[in-house]
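What follows is one structure encoded as C-alpha cells, with my remarks underneath.
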Amino acid sequence: MTVKELKAEWDKLFGSAAPNNSRKFLEFRIAYRIQELTYGGPDQETHRMLDLLADEVEGHARRKHRIADPRNPVTGTKLIREWDGVEHTVTVLKDGFDWQGQKFKSLSAVARTITGTRWNGYRFFGLRERKREEA
C-alpha cells in the first residue's frame with residue numbers, strides 16, 4: 001500500500017487521522033490493530049500494569065502501587081556479591097535496594113556504584129533468568 005492508502009486504512013481502523021506519514025510506523029500500528037481486533041487486545045491486568053508503568057516513567061504521584069520486577073527476591077532478602085576482594089551485601093526493600101545505608105531504585109545502580117561501570121544489576125548479582133533446559 002502507498003502511504004496515502006495506509007493513512008486511509010488508519011482512519012478506517014482507528015476512526016481518526018494518522019498521526020504522521022512514516023510508512024513503517026503506519027504499517028506496524030495497523031498490523032497490530034488488525035491483530036487486536038481479530039484476537040483481542042491486552043487483558044485488564046496488562047492495561048493496569050502498563051498504566052502504572054507509564055505513571056512511573058512520567059513521574060505522576062497519582063499511582064497507588066509501584067510495580068515490582070518479578071525478578072526481585074522477596075523483601076528482606078540479602079544479596080551477597082564479591083567484587084575486587086570485597087564482599088558487598090545488598091538488602092532488597094519493598095521499593096528498592098539498600099547498600100551500605102544508601103537506598104537505590106535499581107540493582108543496576110548498586111552495581112554501577114560498586115564497580116564504576118554499567119552492569120545489568122540482575123546479572124551482576126546472579127539473578128538472571130535461567131534458560132529452560134531441553135528435556
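Labels for the C-alpha cells follow display order: chains A, B, ..., residues from 1 in each chain, ligands from 1.
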
Open item on the list: Report as an MDAnalysis selection string all protein, DNA and RNA residues lying within 9 Å of region 20-30 of chain A, evaluated on only C-alpha atoms, omitting residues in the same chain fewer than 3 positions from it.
Closed with: chainID A and resid 2:4 6:7 9:10 13:14 17 33:35

Dump as a short mmCIF file (atom, residue, chain, number, x, y, z; two decimals), in the first residue's frame, selection limited to N, CA and C atoms:
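So part_27.cif came out as:
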```
data_model
loop_
_atom_site.label_atom_id
_atom_site.label_comp_id
_atom_site.auth_asym_id
_atom_site.auth_seq_id
_atom_site.Cartn_x
_atom_site.Cartn_y
_atom_site.Cartn_z
N THR A 2 0.35 2.28 -0.61
CA THR A 2 1.05 3.56 -0.56
C THR A 2 0.79 4.20 0.81
N VAL A 3 1.54 5.23 1.13
CA VAL A 3 1.33 5.93 2.40
C VAL A 3 -0.09 6.50 2.44
N LYS A 4 -0.55 6.99 1.33
CA LYS A 4 -1.92 7.54 1.26
C LYS A 4 -2.95 6.46 1.58
N LEU A 6 -2.33 3.70 3.30
CA LEU A 6 -2.14 3.34 4.71
C LEU A 6 -2.87 4.33 5.62
N LYS A 7 -2.80 5.61 5.28
CA LYS A 7 -3.48 6.62 6.09
C LYS A 7 -5.00 6.45 6.02
N GLU A 9 -6.49 3.55 5.56
CA GLU A 9 -6.74 2.35 6.38
C GLU A 9 -6.70 2.70 7.86
N TRP A 10 -5.76 3.56 8.24
CA TRP A 10 -5.66 4.02 9.63
C TRP A 10 -6.97 4.67 10.06
N LEU A 13 -9.60 2.06 10.64
CA LEU A 13 -9.40 1.21 11.80
C LEU A 13 -9.43 1.96 13.13
N PHE A 14 -8.93 3.18 13.14
CA PHE A 14 -8.81 3.93 14.39
C PHE A 14 -9.85 5.04 14.52
N ALA A 17 -7.44 10.64 12.13
CA ALA A 17 -6.37 10.83 11.15
C ALA A 17 -5.07 10.21 11.67
N ARG A 33 -3.24 -3.31 15.15
CA ARG A 33 -4.69 -3.05 15.32
C ARG A 33 -5.52 -4.18 14.70
N ILE A 34 -5.12 -4.65 13.55
CA ILE A 34 -5.85 -5.75 12.90
C ILE A 34 -5.79 -7.00 13.79
N GLN A 35 -4.59 -7.30 14.33
CA GLN A 35 -4.46 -8.45 15.24
C GLN A 35 -5.29 -8.25 16.50
#
```

- [ ] Name all residues at most 12 Å from Thr113 (chain A) (count only C-alpha atoms; drop same-chain ones fewer than 2 positions away) and give them as an MDAnalysis selection string.
- [x] chainID A and resid 83 88 99:100 102:104 106:111 115:119 121 124

May I have the selected residues written with C-alpha atoms, as an mmCIF file, in the first residue's frame?
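Generated output (again-v3.cif):
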```
data_model
loop_
_atom_site.group_PDB
_atom_site.id
_atom_site.type_symbol
_atom_site.label_atom_id
_atom_site.label_comp_id
_atom_site.auth_asym_id
_atom_site.auth_seq_id
_atom_site.Cartn_x
_atom_site.Cartn_y
_atom_site.Cartn_z
ATOM 1 C CA TRP A 83 33.944 -7.638 43.844
ATOM 2 C CA HIS A 88 29.089 -6.442 49.154
ATOM 3 C CA TRP A 99 23.611 -0.966 50.097
ATOM 4 C CA GLN A 100 25.790 0.423 52.875
ATOM 5 C CA GLN A 102 22.224 4.090 50.757
ATOM 6 C CA LYS A 103 18.892 3.487 49.045
ATOM 7 C CA PHE A 104 18.849 2.672 45.318
ATOM 8 C CA SER A 106 17.605 -0.479 40.923
ATOM 9 C CA LEU A 107 20.193 -3.214 41.249
ATOM 10 C CA SER A 108 21.926 -1.761 38.209
ATOM 11 C CA ALA A 109 22.523 1.476 40.119
ATOM 12 C CA VAL A 110 24.029 -0.502 43.003
ATOM 13 C CA ALA A 111 26.255 -2.499 40.636
ATOM 14 C CA THR A 115 32.118 -1.304 40.021
ATOM 15 C CA GLY A 116 32.211 2.147 38.451
ATOM 16 C CA THR A 117 30.907 0.697 35.178
ATOM 17 C CA ARG A 118 27.488 -0.097 33.750
ATOM 18 C CA TRP A 119 26.140 -3.519 34.606
ATOM 19 C CA GLY A 121 22.123 -5.471 38.102
ATOM 20 C CA PHE A 124 25.823 -8.760 38.457
#
```

Would you give me, as a PDB file with N, CA, C and O atoms, in the first residue's frame, the residues in region 18-134 of chain A that DSSP reads as strand (DSSP E)?
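Here's the written file result-v5.pdb:
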```
ATOM      1  N   LYS A  78      18.871 -10.793  51.368  1.00  0.00           N
ATOM      2  CA  LYS A  78      20.205 -10.197  51.284  1.00  0.00           C
ATOM      3  C   LYS A  78      20.937 -10.826  50.106  1.00  0.00           C
ATOM      4  O   LYS A  78      21.052 -12.041  50.013  1.00  0.00           O
ATOM      5  N   LEU A  79      21.408  -9.981  49.207  1.00  0.00           N
ATOM      6  CA  LEU A  79      22.184 -10.423  48.052  1.00  0.00           C
ATOM      7  C   LEU A  79      23.649 -10.157  48.356  1.00  0.00           C
ATOM      8  O   LEU A  79      24.009  -9.051  48.747  1.00  0.00           O
ATOM      9  N   ILE A  80      24.487 -11.154  48.182  1.00  0.00           N
ATOM     10  CA  ILE A  80      25.900 -11.009  48.500  1.00  0.00           C
ATOM     11  C   ILE A  80      26.719 -11.246  47.236  1.00  0.00           C
ATOM     12  O   ILE A  80      26.507 -12.227  46.520  1.00  0.00           O
ATOM     13  N   ARG A  81      27.641 -10.317  46.979  1.00  0.00           N
ATOM     14  CA  ARG A  81      28.483 -10.409  45.785  1.00  0.00           C
ATOM     15  C   ARG A  81      29.879  -9.930  46.144  1.00  0.00           C
ATOM     16  O   ARG A  81      30.044  -8.885  46.771  1.00  0.00           O
ATOM     17  N   GLU A  82      30.862 -10.692  45.765  1.00  0.00           N
ATOM     18  CA  GLU A  82      32.240 -10.272  45.994  1.00  0.00           C
ATOM     19  C   GLU A  82      32.739  -9.545  44.753  1.00  0.00           C
ATOM     20  O   GLU A  82      32.526 -10.000  43.625  1.00  0.00           O
ATOM     21  N   TRP A  83      33.385  -8.399  44.954  1.00  0.00           N
ATOM     22  CA  TRP A  83      33.944  -7.638  43.844  1.00  0.00           C
ATOM     23  C   TRP A  83      35.279  -7.058  44.282  1.00  0.00           C
ATOM     24  O   TRP A  83      35.357  -6.387  45.300  1.00  0.00           O
ATOM     25  N   VAL A  86      36.251  -7.606  47.871  1.00  0.00           N
ATOM     26  CA  VAL A  86      35.394  -7.033  48.909  1.00  0.00           C
ATOM     27  C   VAL A  86      34.001  -7.642  48.773  1.00  0.00           C
ATOM     28  O   VAL A  86      33.439  -7.708  47.674  1.00  0.00           O
ATOM     29  N   GLU A  87      33.449  -8.091  49.889  1.00  0.00           N
ATOM     30  CA  GLU A  87      32.105  -8.657  49.879  1.00  0.00           C
ATOM     31  C   GLU A  87      31.082  -7.532  50.044  1.00  0.00           C
ATOM     32  O   GLU A  87      31.162  -6.736  50.973  1.00  0.00           O
ATOM     33  N   HIS A  88      30.132  -7.469  49.134  1.00  0.00           N
ATOM     34  CA  HIS A  88      29.089  -6.442  49.154  1.00  0.00           C
ATOM     35  C   HIS A  88      27.745  -7.104  49.440  1.00  0.00           C
ATOM     36  O   HIS A  88      27.387  -8.088  48.792  1.00  0.00           O
ATOM     37  N   THR A  89      27.002  -6.551  50.386  1.00  0.00           N
ATOM     38  CA  THR A  89      25.693  -7.077  50.746  1.00  0.00           C
ATOM     39  C   THR A  89      24.628  -6.038  50.432  1.00  0.00           C
ATOM     40  O   THR A  89      24.722  -4.891  50.868  1.00  0.00           O
ATOM     41  N   VAL A  90      23.624  -6.448  49.676  1.00  0.00           N
ATOM     42  CA  VAL A  90      22.509  -5.578  49.304  1.00  0.00           C
ATOM     43  C   VAL A  90      21.244  -6.184  49.886  1.00  0.00           C
ATOM     44  O   VAL A  90      20.995  -7.384  49.753  1.00  0.00           O
ATOM     45  N   THR A  91      20.440  -5.361  50.531  1.00  0.00           N
ATOM     46  CA  THR A  91      19.168  -5.816  51.091  1.00  0.00           C
ATOM     47  C   THR A  91      18.038  -5.370  50.181  1.00  0.00           C
ATOM     48  O   THR A  91      17.968  -4.200  49.786  1.00  0.00           O
ATOM     49  N   VAL A  92      17.155  -6.299  49.837  1.00  0.00           N
ATOM     50  CA  VAL A  92      16.004  -5.993  48.994  1.00  0.00           C
ATOM     51  C   VAL A  92      14.947  -5.315  49.859  1.00  0.00           C
ATOM     52  O   VAL A  92      14.537  -5.856  50.888  1.00  0.00           O
ATOM     53  N   LEU A  93      14.526  -4.132  49.441  1.00  0.00           N
ATOM     54  CA  LEU A  93      13.475  -3.384  50.124  1.00  0.00           C
ATOM     55  C   LEU A  93      12.186  -3.475  49.325  1.00  0.00           C
ATOM     56  O   LEU A  93      12.191  -3.910  48.176  1.00  0.00           O
ATOM     57  N   GLY A  96      12.911  -0.741  46.548  1.00  0.00           N
ATOM     58  CA  GLY A  96      14.270  -0.526  46.075  1.00  0.00           C
ATOM     59  C   GLY A  96      15.265  -1.456  46.738  1.00  0.00           C
ATOM     60  O   GLY A  96      14.931  -2.583  47.117  1.00  0.00           O
ATOM     61  N   PHE A  97      16.492  -0.952  46.923  1.00  0.00           N
ATOM     62  CA  PHE A  97      17.569  -1.761  47.455  1.00  0.00           C
ATOM     63  C   PHE A  97      18.432  -0.913  48.379  1.00  0.00           C
ATOM     64  O   PHE A  97      18.615   0.280  48.148  1.00  0.00           O
ATOM     65  N   ASP A  98      18.957  -1.533  49.426  1.00  0.00           N
ATOM     66  CA  ASP A  98      19.824  -0.840  50.358  1.00  0.00           C
ATOM     67  C   ASP A  98      21.224  -1.436  50.276  1.00  0.00           C
ATOM     68  O   ASP A  98      21.397  -2.648  50.365  1.00  0.00           O
ATOM     69  N   TRP A  99      22.208  -0.564  50.102  1.00  0.00           N
ATOM     70  CA  TRP A  99      23.611  -0.966  50.097  1.00  0.00           C
ATOM     71  C   TRP A  99      24.379   0.052  50.917  1.00  0.00           C
ATOM     72  O   TRP A  99      24.351   1.246  50.621  1.00  0.00           O
ATOM     73  N   GLN A 102      22.750   3.272  51.851  1.00  0.00           N
ATOM     74  CA  GLN A 102      22.224   4.090  50.757  1.00  0.00           C
ATOM     75  C   GLN A 102      21.082   3.352  50.088  1.00  0.00           C
ATOM     76  O   GLN A 102      21.138   2.136  49.898  1.00  0.00           O
ATOM     77  N   LYS A 103      20.046   4.089  49.711  1.00  0.00           N
ATOM     78  CA  LYS A 103      18.892   3.487  49.045  1.00  0.00           C
ATOM     79  C   LYS A 103      19.016   3.699  47.534  1.00  0.00           C
ATOM     80  O   LYS A 103      19.338   4.794  47.085  1.00  0.00           O
ATOM     81  N   PHE A 104      18.784   2.629  46.771  1.00  0.00           N
ATOM     82  CA  PHE A 104      18.849   2.672  45.318  1.00  0.00           C
ATOM     83  C   PHE A 104      17.531   2.173  44.740  1.00  0.00           C
ATOM     84  O   PHE A 104      16.895   1.296  45.314  1.00  0.00           O
TER      85      PHE A 104
END
```

Task: Å distance separating CA of Ala31 (chain A) from CA of Asp43 (chain A), one decimal place - done: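 Computing the Euclidean distance for CA of Ala31 (chain A) and CA of Asp43 (chain A) yields 18.7 Å.
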
TODO: If you run DSSP over the backbone, which residues in region 44-123 of chain A end up helix (DSSP H, G or I)? Put them as a VMD selection string.
DONE: chain A and resid 44 to 58 107 to 115 121 to 123

Task: Interatomic distance (Å, one decimal) between CA of Lys105 (chain A) and CA of Thr46 (chain A) - done: 22.8 Å

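The space separating CA of Tyr122 (chain A) from CA of Val74 (chain A) comes to 14.1 Å.
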